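Engineer: There's a structure below that I have some questions on.
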There are 2 protein chains.
Amino acid sequence: MRTITLLGSTGSVGKNVLDIIRRYPERFRAGILSSNENVSELVRQAKEFRPKAVVIGKKELYRDLEKELPPGIKPMAGAEALEEAASEVSDMVFLANSGTAALKPLLASVKKGRTIALASKEPIVSAGKMIMSAAAESGSRIIPVDSEHSAVMQCLTGRDISEVRTVYITGSGGSLRNVPIERFDSITVEEVLAHPKWDMGRKITVDSATLMNKGLEVIEARWLFDVPPEKIKVVIHPEAIVHSLVEFIDGTVSAAMFRPDMKFPILRALGHPEIISSDLARVDPPSLGRMTFEEPDNAKFPALGLAYEVLSQGGSVPAVLNGANEEAVGLFLKRKISFTSITRLVMRAVEAHKKIDDPGFEEIQACQKWAREEVLRSCLHG
Amino acid sequence: MRTITLLGSTGSVGKNVLDIIRRYPERFRAGILSSNENVSELVRQAKEFRPKAVVIGKKELYRDLEKELPPGIKPMAGAEALEEAASEVSDMVFLANSGTAALKPLLASVKKGRTIALASKEPIVSAGKMIMSAAAESGSRIIPVDSEHSAVMQCLTGRDISEVRTVYITGSGGSLRNVPIERFDSITVEEVLAHPKWDMGRKITVDSATLMNKGLEVIEARWLFDVPPEKIKVVIHPEAIVHSLVEFIDGTVSAAMFRPDMKFPILRALGHPEIISSDLARVDPPSLGRMTFEEPDNAKFPALGLAYEVLSQGGSVPAVLNGANEEAVGLFLKRKISFTSITRLVMRAVEAHKKIDDPGFEEIQACQKWAREEVLRSCLHG
């Protein structure tokens, strides 16, 4: 029986994690649950899963939470409580919180040497070097839940990274793959959110349309698998069945495939290193029909090239990329900027930034904050 | 440095093995070489690779061999000499002899507990149960060189067979995939030998056209990986890049890919369990374009269904399938029978056979001999 500390349990990934926990009551139980601000869903989950504690991110919601919780479940609130929860002894800390919100709990958990399932890519993008060296020191193990990185892990099972020539991260190409570039300036939020293959959160769906998502994944892969950027490539695969391929030094390739459903990487992470039997929808190779693979269109989607550039600069620059992108995507979702402005504003922030070579945690936080403000400034002033 | 006993060094696979040995002089050397009857090529190879001994299969060629060999290399001849060579201490016994010819040396080598690279599928098809239990007893390890089984091994790296739901063996569909069934009776040997993807020996190219090759591979996989027949499926993949896929019990799939060149599985086997860097032509996923997968056409290619049927009967029946098929393919290559007669004659032999439940080596040999004669009889008498 594994006790799981699940942070971000009311989000898209978190709900999928609880669904898996629900299906395997003999294997998993929820130890702690958390949500940033969704008190009612958190209380509902607490009643069903009976964790020992629940955490609400926004401190001002503590009273509401306390009032509704059944007896025997401890209410907690605030950023420190989240860090405390992430540090607690458990069999696995599952970080399903979205975006940069996972950074502080991740770091707390890494320092305690926990086994961590990590769903969001932003913390590794912003602070990969720092986090991975802290993990090496504490013996913490980070298991990726992002489907592409879960797929890379699958391909690397029983092999060493020194045997790898190239890691190929696939992408469906996002919702705008077949939309001509001329239309990009008038693309609506609705068009962008209509992702053909994945049912995901809003921010990641926009990232998927700009291909920034692939860029962030390249940066993430660089740190998670300790593989140099020149060995990481992106390949567009609209059917979204193959999630990554790894070419070995002998010229053979392993590919990891599963239906585009987050439950696969979640189940892999929860059971790691074991494979757990599931009745999730299968791939069935003979009925695959056609699968296609092609180069990404760098002219239409400059975010990918930007991410490589940022990765080669290193230091605090990836944190700026990440902060600027979170802000710009937010502005697009609020219909304040056009689709093409997202990458343009991020690029401008990256260019305006003065790089710090080996940033600590506070500096990374500061750089992200600066980047967000820089995007806002550019947006307001032209 | 690994010393390789290479039996069948003058055939298609054997020459590829020597080419790999030639490319990696710091890793591999040939200890013993053998050929069934090609004295001149064997002597040429002996001069280049300087093995300690060479074996010619046909005893009557001993004098010719002895006369031509440079001093310091021991000439040997005959079936017993082949078995002796296979039993000798070496780092790896590479059995590249074609077809059933590999059975006796394989058994000798297995009994001595050697590490064996096995290129031909016929011995495992005929005597899989016996060979695998002898291997379990002696601690002998059999590494498949057949590309499909090498690919399965690649997918299973670091995993256990208990985690596998289905093994999918791919096939390009052979040279007749797009030929309508109405034309099958008038198909020529030349058309059959024009395989679109693989440059192989003649017998295997015909097996590939009837899909018997896939049938034999299903039987081979059953024994090599100890996986029940109902968990092995065949999928047609004309591009011949993916050589096998393994579905795990969680619904994820791993696929192994490489260019259709025997050197990949040969290099994998020679280096096993290490992966050795090579400059062989790469897959390059972004330029793959389209890959297709479909069900095999069982009406056009009845050999595949026959192989499953034979596998479920077990005992001596697979040996009969194999013997009958070798004979029937030979008759087709000599233009004595039509293409469709191959499977028909094999089927008839299988039906006429009286199954022996747990055949020993002599019985397996006898059944294969009987099957060959039965095919000849059917062919002559109607």
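The chains in the structure tokens are called A, B, ... from first to last as shown; in each chain the residues are counted from 1, and the ligands are counted from 1 in the order shown.
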DSSP says strand (DSSP E or B) for which residues of stretch 33-88 of chain A? Put them as a PyMOL selection string?

Structural biologist: chain A and resi 33-35+53-56+74-77

Engineer: Keeping only C-alpha atoms, write the selected residues as a PDB file, in the first residue's frame.

Structural biologist:
ATOM      1  CA  LEU A  33      -4.651  16.495  -0.563  1.00  0.00           C
ATOM      2  CA  SER A  34      -4.363  20.131  -1.547  1.00  0.00           C
ATOM      3  CA  SER A  35      -5.959  22.780  -3.710  1.00  0.00           C
ATOM      4  CA  ALA A  53      -4.822  16.319   6.192  1.00  0.00           C
ATOM      5  CA  VAL A  54      -5.879  18.749   3.467  1.00  0.00           C
ATOM      6  CA  VAL A  55      -4.234  22.021   2.520  1.00  0.00           C
ATOM      7  CA  ILE A  56      -5.837  25.049   0.910  1.00  0.00           C
ATOM      8  CA  LYS A  74      -6.613  18.167   9.650  1.00  0.00           C
ATOM      9  CA  PRO A  75      -7.168  21.470   7.806  1.00  0.00           C
ATOM     10  CA  MET A  76      -4.090  23.456   6.800  1.00  0.00           C
ATOM     11  CA  ALA A  77      -3.601  26.629   4.723  1.00  0.00           C
TER      12      ALA A  77
END

Engineer: Residues of chain B near chain A: apply a cut-off of 8 Å, count only C-alpha atoms, and supply the list as JSON, numbers by chain.

Structural biologist: {"B": [154, 155, 157, 158, 159, 163, 168, 234, 235, 236, 245, 248, 249, 250, 251, 252, 253, 254, 255, 256, 257, 258, 259, 264, 267, 275, 276, 277, 278, 279, 280, 281, 282, 283, 285, 286, 287, 288, 289, 290, 291, 292, 293, 294, 295]}

Engineer: Skip stretch 190-206 of chain A itself and residues of its chain fewer than 5 positions away, then list as an MDAnalysis selection string all residues within 7 Å of it, counting only C-alpha atoms.

Structural biologist: chainID A and resid 12 174:176 213 240 260 329

Engineer: Please provide as a PyMOL selection string all residues within 7 Å of A:Pro123, with the sequence filter that same-chain residues fewer than 2 positions apart are discarded (counting only C-alpha atoms).

Structural biologist: chain A and resi 100+102-103+121+125-128

Engineer: Create the file for the chosen residues now, containing all heavy atoms and written as a CSV table (one decimal), in the first residue's frame.

Structural biologist:
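Once written, out34.csv looks like this:
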chain,number,residue,atom,x,y,z
A,100,THR,N,4.2,27.1,-12.2
A,100,THR,CA,5.3,27.5,-11.3
A,100,THR,C,4.9,27.3,-9.8
A,100,THR,O,5.8,27.2,-9.0
A,100,THR,CB,5.6,29.0,-11.6
A,100,THR,OG1,5.9,29.1,-13.0
A,100,THR,CG2,6.9,29.4,-10.8
A,102,ALA,N,4.2,24.8,-8.4
A,102,ALA,CA,4.8,23.5,-7.8
A,102,ALA,C,6.3,23.7,-7.4
A,102,ALA,O,6.8,22.8,-6.7
A,102,ALA,CB,4.7,22.4,-8.9
A,103,LEU,N,6.9,24.9,-7.7
A,103,LEU,CA,8.3,25.0,-7.5
A,103,LEU,C,8.7,24.9,-6.0
A,103,LEU,O,9.6,24.1,-5.7
A,103,LEU,CB,8.8,26.3,-8.1
A,103,LEU,CG,10.3,26.6,-7.9
A,103,LEU,CD1,11.2,25.5,-8.4
A,103,LEU,CD2,10.7,27.9,-8.7
A,121,LYS,N,5.8,21.0,-15.8
A,121,LYS,CA,7.2,21.1,-16.3
A,121,LYS,C,7.8,22.4,-15.9
A,121,LYS,O,9.1,22.5,-15.9
A,121,LYS,CB,7.2,21.0,-17.8
A,121,LYS,CG,6.2,21.9,-18.5
A,121,LYS,CD,6.0,21.5,-20.0
A,121,LYS,CE,5.4,20.1,-20.1
A,121,LYS,NZ,4.1,20.1,-20.8
A,125,VAL,N,11.8,23.6,-15.7
A,125,VAL,CA,12.3,24.6,-16.7
A,125,VAL,C,13.0,25.8,-16.1
A,125,VAL,O,14.1,26.2,-16.5
A,125,VAL,CB,11.1,25.1,-17.6
A,125,VAL,CG1,11.5,26.3,-18.4
A,125,VAL,CG2,10.5,24.0,-18.4
A,126,SER,N,12.4,26.3,-15.0
A,126,SER,CA,12.9,27.5,-14.3
A,126,SER,C,14.2,27.2,-13.5
A,126,SER,O,15.1,28.0,-13.4
A,126,SER,CB,11.9,28.1,-13.4
A,126,SER,OG,10.7,28.4,-14.1
A,127,ALA,N,14.2,26.0,-12.9
A,127,ALA,CA,15.2,25.8,-11.8
A,127,ALA,C,15.8,24.4,-12.0
A,127,ALA,O,16.2,23.8,-11.0
A,127,ALA,CB,14.6,26.0,-10.5
A,128,GLY,N,15.8,23.9,-13.2
A,128,GLY,CA,16.2,22.5,-13.4
A,128,GLY,C,17.6,22.1,-12.8
A,128,GLY,O,17.8,21.1,-12.1

Engineer: Got a sec: who's within 8 Å of B:Glu148, counting only C-alpha atoms, leaving out chain neighbours fewer than 3 positions off, as a list in words?

Structural biologist: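 Result of the neighbour search: Ala151, Val152, Ile169, Thr170, Glu217, His243 and Ser244 of chain B.
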
Engineer: Those selected residues, please, written with all heavy atoms and delivered as a PDB file, in the first residue's frame.

Structural biologist:
ATOM      1  N   ALA B 151      14.129  -7.289 -31.835  1.00  0.00           N
ATOM      2  CA  ALA B 151      13.309  -6.125 -31.490  1.00  0.00           C
ATOM      3  C   ALA B 151      12.463  -6.395 -30.236  1.00  0.00           C
ATOM      4  O   ALA B 151      12.319  -5.523 -29.379  1.00  0.00           O
ATOM      5  CB  ALA B 151      12.410  -5.747 -32.666  1.00  0.00           C
ATOM      6  N   VAL B 152      11.929  -7.593 -30.119  1.00  0.00           N
ATOM      7  CA  VAL B 152      11.168  -7.939 -28.902  1.00  0.00           C
ATOM      8  C   VAL B 152      12.089  -7.848 -27.686  1.00  0.00           C
ATOM      9  O   VAL B 152      11.737  -7.266 -26.661  1.00  0.00           O
ATOM     10  CB  VAL B 152      10.558  -9.354 -28.998  1.00  0.00           C
ATOM     11  CG1 VAL B 152       9.942  -9.775 -27.662  1.00  0.00           C
ATOM     12  CG2 VAL B 152       9.506  -9.418 -30.101  1.00  0.00           C
ATOM     13  N   ILE B 169       4.544  -9.047 -33.550  1.00  0.00           N
ATOM     14  CA  ILE B 169       5.639  -9.223 -34.494  1.00  0.00           C
ATOM     15  C   ILE B 169       5.214  -8.567 -35.800  1.00  0.00           C
ATOM     16  O   ILE B 169       4.131  -8.849 -36.317  1.00  0.00           O
ATOM     17  CB  ILE B 169       5.904 -10.727 -34.694  1.00  0.00           C
ATOM     18  CG1 ILE B 169       6.531 -11.293 -33.420  1.00  0.00           C
ATOM     19  CG2 ILE B 169       6.767 -10.985 -35.907  1.00  0.00           C
ATOM     20  CD1 ILE B 169       6.608 -12.798 -33.429  1.00  0.00           C
ATOM     21  N   THR B 170       6.040  -7.692 -36.337  1.00  0.00           N
ATOM     22  CA  THR B 170       5.649  -7.042 -37.582  1.00  0.00           C
ATOM     23  C   THR B 170       6.223  -7.789 -38.780  1.00  0.00           C
ATOM     24  O   THR B 170       7.205  -8.524 -38.661  1.00  0.00           O
ATOM     25  CB  THR B 170       6.140  -5.586 -37.654  1.00  0.00           C
ATOM     26  OG1 THR B 170       7.560  -5.594 -37.706  1.00  0.00           O
ATOM     27  CG2 THR B 170       5.683  -4.780 -36.460  1.00  0.00           C
ATOM     28  N   GLU B 217       8.001 -17.319 -36.966  1.00  0.00           N
ATOM     29  CA  GLU B 217       8.440 -16.363 -35.939  1.00  0.00           C
ATOM     30  C   GLU B 217       7.517 -16.365 -34.721  1.00  0.00           C
ATOM     31  O   GLU B 217       7.964 -16.155 -33.601  1.00  0.00           O
ATOM     32  CB  GLU B 217       8.525 -14.958 -36.544  1.00  0.00           C
ATOM     33  CG  GLU B 217       9.759 -14.792 -37.411  1.00  0.00           C
ATOM     34  CD  GLU B 217       9.773 -13.526 -38.251  1.00  0.00           C
ATOM     35  OE1 GLU B 217       8.875 -12.687 -38.065  1.00  0.00           O
ATOM     36  OE2 GLU B 217      10.675 -13.383 -39.086  1.00  0.00           O
ATOM     37  N   HIS B 243      10.068  -3.287 -35.953  1.00  0.00           N
ATOM     38  CA  HIS B 243      10.232  -4.733 -36.134  1.00  0.00           C
ATOM     39  C   HIS B 243       9.463  -5.560 -35.121  1.00  0.00           C
ATOM     40  O   HIS B 243       9.234  -6.748 -35.341  1.00  0.00           O
ATOM     41  CB  HIS B 243      11.710  -5.083 -36.181  1.00  0.00           C
ATOM     42  CG  HIS B 243      12.391  -4.393 -37.313  1.00  0.00           C
ATOM     43  ND1 HIS B 243      12.156  -4.757 -38.618  1.00  0.00           N
ATOM     44  CD2 HIS B 243      13.190  -3.303 -37.353  1.00  0.00           C
ATOM     45  CE1 HIS B 243      12.823  -3.945 -39.418  1.00  0.00           C
ATOM     46  NE2 HIS B 243      13.455  -3.042 -38.680  1.00  0.00           N
ATOM     47  N   SER B 244       9.092  -4.954 -34.032  1.00  0.00           N
ATOM     48  CA  SER B 244       8.194  -5.590 -33.078  1.00  0.00           C
ATOM     49  C   SER B 244       7.658  -4.517 -32.158  1.00  0.00           C
ATOM     50  O   SER B 244       8.249  -3.441 -32.017  1.00  0.00           O
ATOM     51  CB  SER B 244       8.900  -6.650 -32.233  1.00  0.00           C
ATOM     52  OG  SER B 244       9.046  -7.840 -32.952  1.00  0.00           O
TER      53      SER B 244
END

Engineer: Can you measure atom CA of B:Asn16 to atom CA of B:Trp223 for me? One decimal in Å is fine.

Structural biologist: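 So the two atoms, atom CA of B:Asn16 and atom CA of B:Trp223, lie 25.6 Å apart.
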
Engineer: Would you mind telling me which residue in A:Leu7, A:Met1, A:Cys367, A:Val39 lies nearest to A:Ala86 when using only C-alpha atoms?

Structural biologist: A:Leu7

Engineer: Quick check, in Å to one decimal: how far apart do atom CA of A:Asn38 and atom CA of A:Tyr62 lie?

Structural biologist: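 Computing it gives 11.3 Å between the two atoms.
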